[in-house]
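Before any comments, here is the structure.
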Amino acid sequence: MKPLLLHNLNIIDPFGEREFLEHASILIEHETIKFVGRGFSHVGFEGQILDMQGKIAMPGMINAHTHLYSTLALGMPPPKKSPKNFVEHLEEIWWKLDRGLDKASTTASFEAGLMDCIKNGTTTIIDHHASPLFVDGSLDILASVAESFGVNISLCFESSDRNGESNFHEELKENIRAIKKYSSNPHISPRLGLHASFTLSDKSLEMISKQIQEFPDCGIHIHVSEDLADEKEAQARGYRSVIQRLEDFHLLSNQSLIIHGIFMTREDRHILLRHGCKLVHNPTSNANNQVGVLETEIIESLNPGLGTDGMQNNLLKEAKEGTLIRAATDSPPVDYLELLFKNNPDIAVKLFGKLIGHIEEEAQADLVFYDYDPRTDLNADNFRNHLMFGLNLPSDVMTRGIFRMRHREMVDIDESRIRETARKESKRLWTAMNSL
Ligand SMILES: [Zn+2]
């Protein structure tokens, strides 16, 4: 591939080396950014030159926690029995949806979900997958669909006892199989997935613990303390907290992804800091499940990443809505752009072992471009406000130096086939759920 020079760009990388740079160029060689700035000499340059006509360039965004398996939930009928609390919400909705998935509907969820990610400028996805009746090979489908879209994917299967012992064994095996198969792939980061402490027995945690010791570079990815029910269950087993239970089973390391953490104690925070675990905060999901607002003190001490927990694929919207949820609940403000543009790239570096999520030399060339003709001046002092309240959807998306979307159209991807299949599979899935 010839070097590619993108010129006439306005770069916004809110926590990068260059926060705001007008009239700039980006040079890409193979998958990597080699130059960012003004004054690139075209003399003797033999690569391709592309005039980006003053578009805004931002780093491809990272979703630090989501569930692509829930893509076909959009618009599904309400549950037969109205859930009254968090656990009933899982039992009546999400655990029926995941058990309704087979190979065809799982594939359709991944395709439609990942296409929506690209359309929203999200190019790195940290996924937590569940399809308990279609386990073997499910992570291979996710890996292959992600590759066809050119996105970076962290994958794992939510192992859980909630569908019986043999199902748990199958799920754990799928995680281990994927870890062995994909650990050396530069665009795939396999993790060991656990659903949550309250759906895993001590015996299952013991088995997971034994397995993960063989893979020191691979951490767990688990929901923790999303609702008080998780903490109460751990306490009923004789542990002080969920985090303390995970520590007792030697499951925490600097590669661990801890999701939610709403009811964590000060001691839990210290345990996470001691092990260097990464917390991920999902404000719209927490609001939707009415489980509470993550304490500012937790955010300030642990620098969590930002995820959407399957609620959406647009991270700028998640940042904006997170800000508004805190305002509406009288919680101290949090800089959600810092979670998105600083903490998420920090997580991606850990998982993928390279610079992702910044527009800098030697970073992977994952870029999103916006046509933006602002109604007020856009400058170095106010661009954050434009990100939250002005920008809409990207016009173009590039990953690894290749355009995946151009002028809002996917490149070499049959969009209408994917949407048509997703609509057909969603109907089949909803019917399957109805009989569970
Ligand atoms: Zn989740």
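Just so we're on the same page: first chain in the structure tokens is A, next is B, and so on; residues restart at 1 for each chain, and ligands are numbered from 1 in the order they show up.
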- Message: Residues within 7 Å of stretch 32-42 of chain A, please, as a PyMOL selection string. Count only C-alpha atoms; anything in the same chain fewer than 4 positions from it doesn't count.
- Response: chain A and resi 23-28+360-365+400-401
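Secondary structure by DSSP on the backbone puts the following residues of stretch 312-382 of chain A in alpha helix (DSSP H): A:Leu315, A:Leu316, A:Lys317, A:Glu318, A:Ala319, A:Lys320, A:Glu321, A:Gly322, A:Thr323, A:Leu324, A:Ile325, A:Arg326, A:Ala327, A:Ala328, A:Tyr336, A:Leu337, A:Glu338, A:Asn344, A:Pro345, A:Asp346, A:Ile347, A:Ala348, A:Val349, A:Lys350, A:Leu351, A:Phe352.
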- Message: Which residues are close to A:Leu101, i.e. within 8 Å by only C-alpha atoms, leaving aside same-chain residues fewer than 2 positions away? Reply as a ChimeraX atom specification.
- Response: /A:97-99,103-106,131-134,429
How about saving the chosen residues, N, CA and C atoms kept, as an mmCIF file, in the first residue's frame?
data_model
loop_
_atom_site.group_PDB
_atom_site.id
_atom_site.type_symbol
_atom_site.label_atom_id
_atom_site.label_comp_id
_atom_site.auth_asym_id
_atom_site.auth_seq_id
_atom_site.Cartn_x
_atom_site.Cartn_y
_atom_site.Cartn_z
ATOM 1 N N LEU A 97 -33.439 -13.172 25.882
ATOM 2 C CA LEU A 97 -32.870 -12.766 24.583
ATOM 3 C C LEU A 97 -31.619 -13.589 24.264
ATOM 4 N N ASP A 98 -30.721 -13.724 25.244
ATOM 5 C CA ASP A 98 -29.468 -14.433 24.901
ATOM 6 C C ASP A 98 -29.741 -15.917 24.639
ATOM 7 N N ARG A 99 -30.730 -16.509 25.357
ATOM 8 C CA ARG A 99 -31.022 -17.932 25.100
ATOM 9 C C ARG A 99 -31.773 -18.131 23.772
ATOM 10 N N LYS A 103 -27.111 -19.554 15.686
ATOM 11 C CA LYS A 103 -25.987 -19.102 14.855
ATOM 12 C C LYS A 103 -26.399 -17.956 13.916
ATOM 13 N N ALA A 104 -27.565 -18.103 13.271
ATOM 14 C CA ALA A 104 -27.979 -17.091 12.290
ATOM 15 C C ALA A 104 -28.293 -15.754 12.961
ATOM 16 N N SER A 105 -29.014 -15.793 14.093
ATOM 17 C CA SER A 105 -29.368 -14.515 14.738
ATOM 18 C C SER A 105 -28.150 -13.887 15.426
ATOM 19 N N THR A 106 -27.224 -14.723 15.911
ATOM 20 C CA THR A 106 -25.991 -14.184 16.508
ATOM 21 C C THR A 106 -25.178 -13.461 15.426
ATOM 22 N N SER A 131 -24.541 -16.140 24.261
ATOM 23 C CA SER A 131 -25.567 -16.839 23.480
ATOM 24 C C SER A 131 -25.504 -18.300 23.973
ATOM 25 N N PRO A 132 -26.079 -18.558 25.172
ATOM 26 C CA PRO A 132 -25.834 -19.827 25.884
ATOM 27 C C PRO A 132 -26.248 -21.087 25.119
ATOM 28 N N LEU A 133 -27.142 -20.963 24.149
ATOM 29 C CA LEU A 133 -27.527 -22.165 23.399
ATOM 30 C C LEU A 133 -26.759 -22.276 22.079
ATOM 31 N N PHE A 134 -25.894 -21.313 21.825
ATOM 32 C CA PHE A 134 -24.989 -21.389 20.676
ATOM 33 C C PHE A 134 -23.627 -20.876 21.151
ATOM 34 N N LEU A 429 -35.944 -14.209 16.368
ATOM 35 C CA LEU A 429 -35.425 -14.160 17.746
ATOM 36 C C LEU A 429 -36.553 -13.829 18.737
#
Could you give me, as a tab-separated table, a per-residue list for chain A showing, wherever an atom lies at most 8 Å from an atom of ligand 1, the closest pair of atoms and their distance in Å to one decimal, using only C-alpha atoms and all ligand atoms and sorting by chain then residue number from low to high?
residue	atom	partner	partner_atom_place_in_ligand_line	distance
A:His65	CA	ligand 1	1 (Zn)	6.5
A:Thr66	CA	ligand 1	1 (Zn)	5.9
A:His67	CA	ligand 1	1 (Zn)	6.3
A:His128	CA	ligand 1	1 (Zn)	6.8
A:His223	CA	ligand 1	1 (Zn)	6.2
A:Ile259	CA	ligand 1	1 (Zn)	7.0
A:Asp309	CA	ligand 1	1 (Zn)	4.5
A:Gly310	CA	ligand 1	1 (Zn)	7.0
- If we count only C-alpha atoms, what is near stretch 44-61 of chain A at a cut-off of 6 Å, once residues fewer than 6 positions away on the same chain are taken out, given as number ranges by chain? A: 2-13, 121-123, 357-359, 366-371
- Query: atom CA of A:Cys156 and atom CA of A:Asn185 are how many Å apart?
  - Reply: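 We find that atom CA of A:Cys156 and atom CA of A:Asn185 lie 14.6 Å from each other.
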Write down as a PDB file with C-alpha atoms, in the first residue's frame the residues belonging to stretch 104-306 of chain A that are assigned strand (DSSP E) by DSSP computed on the backbone.
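What follows is the written file part29.pdb:
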ATOM      1  CA  THR A 122     -16.673   3.670  16.921  1.00  0.00           C
ATOM      2  CA  THR A 123     -13.725   1.599  15.697  1.00  0.00           C
ATOM      3  CA  THR A 124     -12.621  -0.382  18.773  1.00  0.00           C
ATOM      4  CA  ILE A 125     -15.181  -2.513  20.584  1.00  0.00           C
ATOM      5  CA  ILE A 126     -14.712  -4.331  23.888  1.00  0.00           C
ATOM      6  CA  ASP A 127     -17.487  -6.908  23.782  1.00  0.00           C
ATOM      7  CA  ASN A 152     -10.464  -3.837  16.662  1.00  0.00           C
ATOM      8  CA  ILE A 153     -12.365  -6.281  18.822  1.00  0.00           C
ATOM      9  CA  SER A 154     -11.876  -7.510  22.364  1.00  0.00           C
ATOM     10  CA  LEU A 155     -13.952 -10.650  22.731  1.00  0.00           C
ATOM     11  CA  ILE A 188      -8.174  -9.034  18.455  1.00  0.00           C
ATOM     12  CA  SER A 189      -7.811  -9.047  22.225  1.00  0.00           C
ATOM     13  CA  PRO A 190      -9.405 -12.136  23.788  1.00  0.00           C
ATOM     14  CA  LEU A 192     -11.825 -14.447  29.921  1.00  0.00           C
ATOM     15  CA  GLY A 193     -15.485 -13.511  30.287  1.00  0.00           C
ATOM     16  CA  LEU A 194     -17.502 -13.955  33.479  1.00  0.00           C
ATOM     17  CA  HIS A 195     -21.126 -12.854  33.631  1.00  0.00           C
ATOM     18  CA  ALA A 196     -21.160 -11.716  37.287  1.00  0.00           C
ATOM     19  CA  ILE A 220     -11.138 -11.284  33.213  1.00  0.00           C
ATOM     20  CA  HIS A 221     -14.025  -9.133  31.924  1.00  0.00           C
ATOM     21  CA  ILE A 222     -16.888  -9.149  34.463  1.00  0.00           C
ATOM     22  CA  HIS A 223     -19.951  -7.186  35.637  1.00  0.00           C
ATOM     23  CA  VAL A 224     -19.396  -6.165  39.269  1.00  0.00           C
ATOM     24  CA  LEU A 257     -11.918  -5.235  33.225  1.00  0.00           C
ATOM     25  CA  ILE A 258     -14.385  -4.497  36.026  1.00  0.00           C
ATOM     26  CA  ILE A 259     -17.737  -3.234  34.744  1.00  0.00           C
ATOM     27  CA  HIS A 260     -20.099  -0.879  36.688  1.00  0.00           C
ATOM     28  CA  LYS A 278      -9.563  -1.078  34.966  1.00  0.00           C
ATOM     29  CA  LEU A 279     -13.110   0.006  35.826  1.00  0.00           C
ATOM     30  CA  VAL A 280     -15.645   0.802  33.064  1.00  0.00           C
ATOM     31  CA  HIS A 281     -18.577   3.147  33.676  1.00  0.00           C
ATOM     32  CA  GLY A 305     -13.295   3.958  30.871  1.00  0.00           C
ATOM     33  CA  LEU A 306     -16.608   4.735  29.185  1.00  0.00           C
TER      34      LEU A 306
END
- Message: Just checking: using only C-alpha atoms, which residue out of A:Lys96, A:His187, A:His169, A:His129 ends up closest to A:Phe352?
- Response: A:His187
- Item | Close residues, A:Ile262 itself excluded, 8 Å, only C-alpha atoms, min 5 positions apart in chain, as a list in words |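 Here the answer would be Ser225, Glu226, Asp227, Val291, Gly292, Val293, Leu294 and Glu295 of chain A.
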Please identify all polymer residues within 12 Å of stretch 244-249 of chain A, counting only C-alpha atoms, omitting same-chain residues fewer than 2 positions from it, and present them as a PDB file with N, CA, C and O atoms, in the first residue's frame.
ATOM      1  N   LEU A 194     -16.654 -13.431  32.404  1.00  0.00           N
ATOM      2  CA  LEU A 194     -17.502 -13.955  33.479  1.00  0.00           C
ATOM      3  C   LEU A 194     -18.751 -13.097  33.472  1.00  0.00           C
ATOM      4  O   LEU A 194     -18.633 -11.856  33.353  1.00  0.00           O
ATOM      5  N   ALA A 196     -21.202 -12.500  36.051  1.00  0.00           N
ATOM      6  CA  ALA A 196     -21.160 -11.716  37.287  1.00  0.00           C
ATOM      7  C   ALA A 196     -20.976 -12.669  38.448  1.00  0.00           C
ATOM      8  O   ALA A 196     -21.304 -13.854  38.347  1.00  0.00           O
ATOM      9  N   SER A 197     -20.492 -12.145  39.546  1.00  0.00           N
ATOM     10  CA  SER A 197     -20.237 -12.966  40.740  1.00  0.00           C
ATOM     11  C   SER A 197     -21.497 -13.731  41.166  1.00  0.00           C
ATOM     12  O   SER A 197     -21.429 -14.906  41.510  1.00  0.00           O
ATOM     13  N   PHE A 198     -22.664 -13.080  41.113  1.00  0.00           N
ATOM     14  CA  PHE A 198     -23.867 -13.717  41.665  1.00  0.00           C
ATOM     15  C   PHE A 198     -24.414 -14.860  40.804  1.00  0.00           C
ATOM     16  O   PHE A 198     -25.337 -15.549  41.238  1.00  0.00           O
ATOM     17  N   LEU A 200     -22.146 -17.157  39.586  1.00  0.00           N
ATOM     18  CA  LEU A 200     -21.029 -18.110  39.545  1.00  0.00           C
ATOM     19  C   LEU A 200     -20.761 -18.666  40.940  1.00  0.00           C
ATOM     20  O   LEU A 200     -20.586 -17.898  41.908  1.00  0.00           O
ATOM     21  N   SER A 201     -20.720 -19.988  41.049  1.00  0.00           N
ATOM     22  CA  SER A 201     -20.469 -20.635  42.342  1.00  0.00           C
ATOM     23  C   SER A 201     -18.977 -20.560  42.667  1.00  0.00           C
ATOM     24  O   SER A 201     -18.148 -20.259  41.793  1.00  0.00           O
ATOM     25  N   ASP A 202     -18.636 -20.875  43.924  1.00  0.00           N
ATOM     26  CA  ASP A 202     -17.219 -20.924  44.311  1.00  0.00           C
ATOM     27  C   ASP A 202     -16.479 -21.971  43.478  1.00  0.00           C
ATOM     28  O   ASP A 202     -15.329 -21.754  43.083  1.00  0.00           O
ATOM     29  N   LYS A 203     -17.169 -23.086  43.201  1.00  0.00           N
ATOM     30  CA  LYS A 203     -16.535 -24.155  42.418  1.00  0.00           C
ATOM     31  C   LYS A 203     -16.189 -23.649  41.000  1.00  0.00           C
ATOM     32  O   LYS A 203     -15.104 -23.905  40.479  1.00  0.00           O
ATOM     33  N   SER A 204     -17.109 -22.896  40.403  1.00  0.00           N
ATOM     34  CA  SER A 204     -16.857 -22.356  39.057  1.00  0.00           C
ATOM     35  C   SER A 204     -15.722 -21.333  39.085  1.00  0.00           C
ATOM     36  O   SER A 204     -14.871 -21.316  38.191  1.00  0.00           O
ATOM     37  N   LEU A 205     -15.713 -20.465  40.107  1.00  0.00           N
ATOM     38  CA  LEU A 205     -14.634 -19.467  40.203  1.00  0.00           C
ATOM     39  C   LEU A 205     -13.278 -20.160  40.371  1.00  0.00           C
ATOM     40  O   LEU A 205     -12.264 -19.712  39.826  1.00  0.00           O
ATOM     41  N   GLU A 206     -13.281 -21.254  41.116  1.00  0.00           N
ATOM     42  CA  GLU A 206     -12.047 -22.026  41.311  1.00  0.00           C
ATOM     43  C   GLU A 206     -11.525 -22.550  39.963  1.00  0.00           C
ATOM     44  O   GLU A 206     -10.334 -22.462  39.654  1.00  0.00           O
ATOM     45  N   MET A 207     -12.458 -23.047  39.157  1.00  0.00           N
ATOM     46  CA  MET A 207     -12.067 -23.574  37.836  1.00  0.00           C
ATOM     47  C   MET A 207     -11.522 -22.469  36.929  1.00  0.00           C
ATOM     48  O   MET A 207     -10.523 -22.634  36.239  1.00  0.00           O
ATOM     49  N   ILE A 208     -12.208 -21.321  36.947  1.00  0.00           N
ATOM     50  CA  ILE A 208     -11.770 -20.180  36.131  1.00  0.00           C
ATOM     51  C   ILE A 208     -10.374 -19.741  36.588  1.00  0.00           C
ATOM     52  O   ILE A 208      -9.482 -19.472  35.784  1.00  0.00           O
ATOM     53  N   SER A 209     -10.200 -19.687  37.908  1.00  0.00           N
ATOM     54  CA  SER A 209      -8.931 -19.251  38.478  1.00  0.00           C
ATOM     55  C   SER A 209      -7.781 -20.147  38.009  1.00  0.00           C
ATOM     56  O   SER A 209      -6.710 -19.650  37.627  1.00  0.00           O
ATOM     57  N   LYS A 210      -8.016 -21.451  38.029  1.00  0.00           N
ATOM     58  CA  LYS A 210      -6.970 -22.387  37.577  1.00  0.00           C
ATOM     59  C   LYS A 210      -6.623 -22.136  36.112  1.00  0.00           C
ATOM     60  O   LYS A 210      -5.463 -22.121  35.725  1.00  0.00           O
ATOM     61  N   GLN A 211      -7.654 -21.934  35.297  1.00  0.00           N
ATOM     62  CA  GLN A 211      -7.438 -21.743  33.855  1.00  0.00           C
ATOM     63  C   GLN A 211      -6.671 -20.461  33.576  1.00  0.00           C
ATOM     64  O   GLN A 211      -5.757 -20.436  32.755  1.00  0.00           O
ATOM     65  N   ILE A 212      -7.051 -19.374  34.260  1.00  0.00           N
ATOM     66  CA  ILE A 212      -6.471 -18.070  33.894  1.00  0.00           C
ATOM     67  C   ILE A 212      -5.003 -17.950  34.315  1.00  0.00           C
ATOM     68  O   ILE A 212      -4.254 -17.162  33.730  1.00  0.00           O
ATOM     69  N   GLN A 213      -4.580 -18.775  35.278  1.00  0.00           N
ATOM     70  CA  GLN A 213      -3.161 -18.730  35.672  1.00  0.00           C
ATOM     71  C   GLN A 213      -2.254 -19.083  34.486  1.00  0.00           C
ATOM     72  O   GLN A 213      -1.108 -18.672  34.426  1.00  0.00           O
ATOM     73  N   ILE A 220      -9.697 -11.018  33.252  1.00  0.00           N
ATOM     74  CA  ILE A 220     -11.138 -11.284  33.213  1.00  0.00           C
ATOM     75  C   ILE A 220     -11.898 -10.022  32.770  1.00  0.00           C
ATOM     76  O   ILE A 220     -11.376  -8.903  32.857  1.00  0.00           O
ATOM     77  N   HIS A 221     -13.120 -10.228  32.294  1.00  0.00           N
ATOM     78  CA  HIS A 221     -14.025  -9.133  31.924  1.00  0.00           C
ATOM     79  C   HIS A 221     -15.353  -9.497  32.590  1.00  0.00           C
ATOM     80  O   HIS A 221     -15.973 -10.488  32.212  1.00  0.00           O
ATOM     81  N   ILE A 222     -15.750  -8.733  33.619  1.00  0.00           N
ATOM     82  CA  ILE A 222     -16.888  -9.149  34.463  1.00  0.00           C
ATOM     83  C   ILE A 222     -17.737  -7.968  34.924  1.00  0.00           C
ATOM     84  O   ILE A 222     -17.204  -6.892  35.217  1.00  0.00           O
ATOM     85  N   HIS A 223     -19.056  -8.161  34.999  1.00  0.00           N
ATOM     86  CA  HIS A 223     -19.951  -7.186  35.637  1.00  0.00           C
ATOM     87  C   HIS A 223     -19.753  -7.292  37.158  1.00  0.00           C
ATOM     88  O   HIS A 223     -19.809  -8.395  37.698  1.00  0.00           O
ATOM     89  N   VAL A 224     -19.566  -6.159  37.810  1.00  0.00           N
ATOM     90  CA  VAL A 224     -19.396  -6.165  39.269  1.00  0.00           C
ATOM     91  C   VAL A 224     -20.290  -5.111  39.898  1.00  0.00           C
ATOM     92  O   VAL A 224     -20.285  -3.950  39.470  1.00  0.00           O
ATOM     93  N   SER A 225     -21.061  -5.521  40.899  1.00  0.00           N
ATOM     94  CA  SER A 225     -21.787  -4.562  41.724  1.00  0.00           C
ATOM     95  C   SER A 225     -22.622  -3.595  40.884  1.00  0.00           C
ATOM     96  O   SER A 225     -22.669  -2.404  41.139  1.00  0.00           O
ATOM     97  N   ASP A 230     -25.945  -8.149  43.754  1.00  0.00           N
ATOM     98  CA  ASP A 230     -24.648  -8.804  43.529  1.00  0.00           C
ATOM     99  C   ASP A 230     -23.840  -8.816  44.842  1.00  0.00           C
ATOM    100  O   ASP A 230     -23.258  -9.832  45.220  1.00  0.00           O
ATOM    101  N   GLU A 231     -23.821  -7.665  45.523  1.00  0.00           N
ATOM    102  CA  GLU A 231     -23.074  -7.567  46.794  1.00  0.00           C
ATOM    103  C   GLU A 231     -23.715  -8.450  47.876  1.00  0.00           C
ATOM    104  O   GLU A 231     -23.014  -9.129  48.621  1.00  0.00           O
ATOM    105  N   GLU A 233     -25.431 -11.155  47.550  1.00  0.00           N
ATOM    106  CA  GLU A 233     -25.184 -12.566  47.282  1.00  0.00           C
ATOM    107  C   GLU A 233     -23.779 -12.948  47.727  1.00  0.00           C
ATOM    108  O   GLU A 233     -23.564 -14.003  48.342  1.00  0.00           O
ATOM    109  N   ALA A 234     -22.792 -12.070  47.447  1.00  0.00           N
ATOM    110  CA  ALA A 234     -21.403 -12.356  47.856  1.00  0.00           C
ATOM    111  C   ALA A 234     -21.298 -12.383  49.382  1.00  0.00           C
ATOM    112  O   ALA A 234     -20.619 -13.245  49.957  1.00  0.00           O
ATOM    113  N   GLN A 235     -22.017 -11.453  50.039  1.00  0.00           N
ATOM    114  CA  GLN A 235     -21.980 -11.413  51.509  1.00  0.00           C
ATOM    115  C   GLN A 235     -22.636 -12.654  52.108  1.00  0.00           C
ATOM    116  O   GLN A 235     -22.162 -13.202  53.094  1.00  0.00           O
ATOM    117  N   ALA A 236     -23.725 -13.128  51.460  1.00  0.00           N
ATOM    118  CA  ALA A 236     -24.398 -14.337  51.953  1.00  0.00           C
ATOM    119  C   ALA A 236     -23.465 -15.550  51.860  1.00  0.00           C
ATOM    120  O   ALA A 236     -23.601 -16.514  52.606  1.00  0.00           O
ATOM    121  N   ARG A 237     -22.509 -15.496  50.951  1.00  0.00           N
ATOM    122  CA  ARG A 237     -21.522 -16.579  50.836  1.00  0.00           C
ATOM    123  C   ARG A 237     -20.365 -16.418  51.819  1.00  0.00           C
ATOM    124  O   ARG A 237     -19.438 -17.227  51.833  1.00  0.00           O
ATOM    125  N   GLY A 238     -20.351 -15.297  52.569  1.00  0.00           N
ATOM    126  CA  GLY A 238     -19.315 -15.099  53.576  1.00  0.00           C
ATOM    127  C   GLY A 238     -18.172 -14.182  53.150  1.00  0.00           C
ATOM    128  O   GLY A 238     -17.150 -14.105  53.830  1.00  0.00           O
ATOM    129  N   TYR A 239     -18.326 -13.496  52.020  1.00  0.00           N
ATOM    130  CA  TYR A 239     -17.286 -12.553  51.579  1.00  0.00           C
ATOM    131  C   TYR A 239     -17.693 -11.137  51.968  1.00  0.00           C
ATOM    132  O   TYR A 239     -18.880 -10.843  52.085  1.00  0.00           O
ATOM    133  N   ARG A 240     -16.722 -10.259  52.137  1.00  0.00           N
ATOM    134  CA  ARG A 240     -17.064  -8.875  52.493  1.00  0.00           C
ATOM    135  C   ARG A 240     -17.684  -8.148  51.312  1.00  0.00           C
ATOM    136  O   ARG A 240     -18.509  -7.269  51.480  1.00  0.00           O
ATOM    137  N   SER A 241     -17.266  -8.516  50.087  1.00  0.00           N
ATOM    138  CA  SER A 241     -17.790  -7.855  48.893  1.00  0.00           C
ATOM    139  C   SER A 241     -17.478  -8.707  47.666  1.00  0.00           C
ATOM    140  O   SER A 241     -16.714  -9.677  47.752  1.00  0.00           O
ATOM    141  N   VAL A 242     -18.037  -8.308  46.531  1.00  0.00           N
ATOM    142  CA  VAL A 242     -17.769  -9.017  45.274  1.00  0.00           C
ATOM    143  C   VAL A 242     -16.279  -8.921  44.914  1.00  0.00           C
ATOM    144  O   VAL A 242     -15.639  -9.913  44.555  1.00  0.00           O
ATOM    145  N   LEU A 251      -8.351 -13.713  40.894  1.00  0.00           N
ATOM    146  CA  LEU A 251      -8.857 -13.386  39.549  1.00  0.00           C
ATOM    147  C   LEU A 251      -8.525 -11.951  39.124  1.00  0.00           C
ATOM    148  O   LEU A 251      -8.801 -11.560  38.002  1.00  0.00           O
ATOM    149  N   LEU A 252      -7.951 -11.158  40.035  1.00  0.00           N
ATOM    150  CA  LEU A 252      -7.697  -9.749  39.696  1.00  0.00           C
ATOM    151  C   LEU A 252      -6.247  -9.532  39.272  1.00  0.00           C
ATOM    152  O   LEU A 252      -5.322 -10.056  39.898  1.00  0.00           O
ATOM    153  N   SER A 253      -6.085  -8.752  38.195  1.00  0.00           N
ATOM    154  CA  SER A 253      -4.731  -8.395  37.746  1.00  0.00           C
ATOM    155  C   SER A 253      -4.809  -7.052  37.023  1.00  0.00           C
ATOM    156  O   SER A 253      -5.898  -6.490  36.870  1.00  0.00           O
ATOM    157  N   SER A 256      -7.464  -6.895  34.259  1.00  0.00           N
ATOM    158  CA  SER A 256      -8.897  -7.139  34.519  1.00  0.00           C
ATOM    159  C   SER A 256      -9.757  -5.952  34.108  1.00  0.00           C
ATOM    160  O   SER A 256      -9.395  -4.793  34.358  1.00  0.00           O
ATOM    161  N   ILE A 258     -13.331  -4.441  35.014  1.00  0.00           N
ATOM    162  CA  ILE A 258     -14.385  -4.497  36.026  1.00  0.00           C
ATOM    163  C   ILE A 258     -15.488  -3.529  35.580  1.00  0.00           C
ATOM    164  O   ILE A 258     -15.236  -2.328  35.440  1.00  0.00           O
ATOM    165  N   MET A 264     -19.491  -0.384  45.133  1.00  0.00           N
ATOM    166  CA  MET A 264     -18.195  -0.739  45.695  1.00  0.00           C
ATOM    167  C   MET A 264     -17.877   0.128  46.906  1.00  0.00           C
ATOM    168  O   MET A 264     -18.246   1.301  46.968  1.00  0.00           O
ATOM    169  N   THR A 265     -17.122  -0.467  47.847  1.00  0.00           N
ATOM    170  CA  THR A 265     -16.707   0.267  49.046  1.00  0.00           C
ATOM    171  C   THR A 265     -15.325   0.872  48.819  1.00  0.00           C
ATOM    172  O   THR A 265     -14.661   0.590  47.826  1.00  0.00           O
ATOM    173  N   ARG A 266     -14.910   1.658  49.815  1.00  0.00           N
ATOM    174  CA  ARG A 266     -13.561   2.251  49.767  1.00  0.00           C
ATOM    175  C   ARG A 266     -12.505   1.139  49.719  1.00  0.00           C
ATOM    176  O   ARG A 266     -11.528   1.221  48.989  1.00  0.00           O
ATOM    177  N   GLU A 267     -12.745   0.070  50.494  1.00  0.00           N
ATOM    178  CA  GLU A 267     -11.786  -1.057  50.499  1.00  0.00           C
ATOM    179  C   GLU A 267     -11.713  -1.697  49.099  1.00  0.00           C
ATOM    180  O   GLU A 267     -10.625  -2.034  48.622  1.00  0.00           O
ATOM    181  N   ASP A 268     -12.881  -1.827  48.442  1.00  0.00           N
ATOM    182  CA  ASP A 268     -12.894  -2.397  47.080  1.00  0.00           C
ATOM    183  C   ASP A 268     -12.038  -1.550  46.137  1.00  0.00           C
ATOM    184  O   ASP A 268     -11.298  -2.068  45.305  1.00  0.00           O
ATOM    185  N   ARG A 269     -12.164  -0.236  46.285  1.00  0.00           N
ATOM    186  CA  ARG A 269     -11.396   0.669  45.414  1.00  0.00           C
ATOM    187  C   ARG A 269      -9.903   0.455  45.611  1.00  0.00           C
ATOM    188  O   ARG A 269      -9.141   0.417  44.653  1.00  0.00           O
ATOM    189  N   HIS A 270      -9.521   0.296  46.877  1.00  0.00           N
ATOM    190  CA  HIS A 270      -8.094   0.087  47.153  1.00  0.00           C
ATOM    191  C   HIS A 270      -7.613  -1.228  46.553  1.00  0.00           C
ATOM    192  O   HIS A 270      -6.496  -1.313  46.046  1.00  0.00           O
ATOM    193  N   ILE A 271      -8.466  -2.257  46.605  1.00  0.00           N
ATOM    194  CA  ILE A 271      -8.082  -3.554  46.012  1.00  0.00           C
ATOM    195  C   ILE A 271      -7.867  -3.379  44.510  1.00  0.00           C
ATOM    196  O   ILE A 271      -6.873  -3.845  43.951  1.00  0.00           O
ATOM    197  N   LEU A 272      -8.790  -2.672  43.840  1.00  0.00           N
ATOM    198  CA  LEU A 272      -8.654  -2.470  42.387  1.00  0.00           C
ATOM    199  C   LEU A 272      -7.392  -1.667  42.058  1.00  0.00           C
ATOM    200  O   LEU A 272      -6.678  -1.981  41.107  1.00  0.00           O
ATOM    201  N   ARG A 274      -4.676  -1.522  43.885  1.00  0.00           N
ATOM    202  CA  ARG A 274      -3.503  -2.363  44.190  1.00  0.00           C
ATOM    203  C   ARG A 274      -3.180  -3.298  43.023  1.00  0.00           C
ATOM    204  O   ARG A 274      -2.034  -3.520  42.692  1.00  0.00           O
ATOM    205  N   HIS A 275      -4.238  -3.834  42.395  1.00  0.00           N
ATOM    206  CA  HIS A 275      -4.009  -4.782  41.297  1.00  0.00           C
ATOM    207  C   HIS A 275      -3.903  -4.092  39.929  1.00  0.00           C
ATOM    208  O   HIS A 275      -3.605  -4.751  38.939  1.00  0.00           O
ATOM    209  N   CYS A 277      -6.448  -2.887  38.216  1.00  0.00           N
ATOM    210  CA  CYS A 277      -7.615  -3.272  37.391  1.00  0.00           C
ATOM    211  C   CYS A 277      -8.217  -2.024  36.751  1.00  0.00           C
ATOM    212  O   CYS A 277      -8.109  -0.925  37.292  1.00  0.00           O
TER     213      CYS A 277
END
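Here atom CA of A:Asn286 is placed at a distance of 15.9 Å from atom CA of A:Pro83.
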- Would you kindly return, as number ranges by chain, each protein, DNA or RNA residue with an atom no farther than 10 Å from any atom of A:Asn120, considering only C-alpha atoms and excluding same-chain residues fewer than 4 positions away? A: 60-61, 114-116, 312-317, 368, 392-397, 408
- Query: Taking only C-alpha atoms into account, which of A:Ala73, A:Val411, A:Ala112, A:Met311 comes nearest A:Ile93?
  - Reply: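 Ranked by minimum distance to A:Ile93, first place goes to A:Ala73.
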- Item | Of the listed residues A:Arg419, A:His30, A:Lys180, A:Lys232, that which approaches A:Cys218 most closely, counting only C-alpha atoms |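 Distance minimum relative to A:Cys218 lands on A:Lys180.
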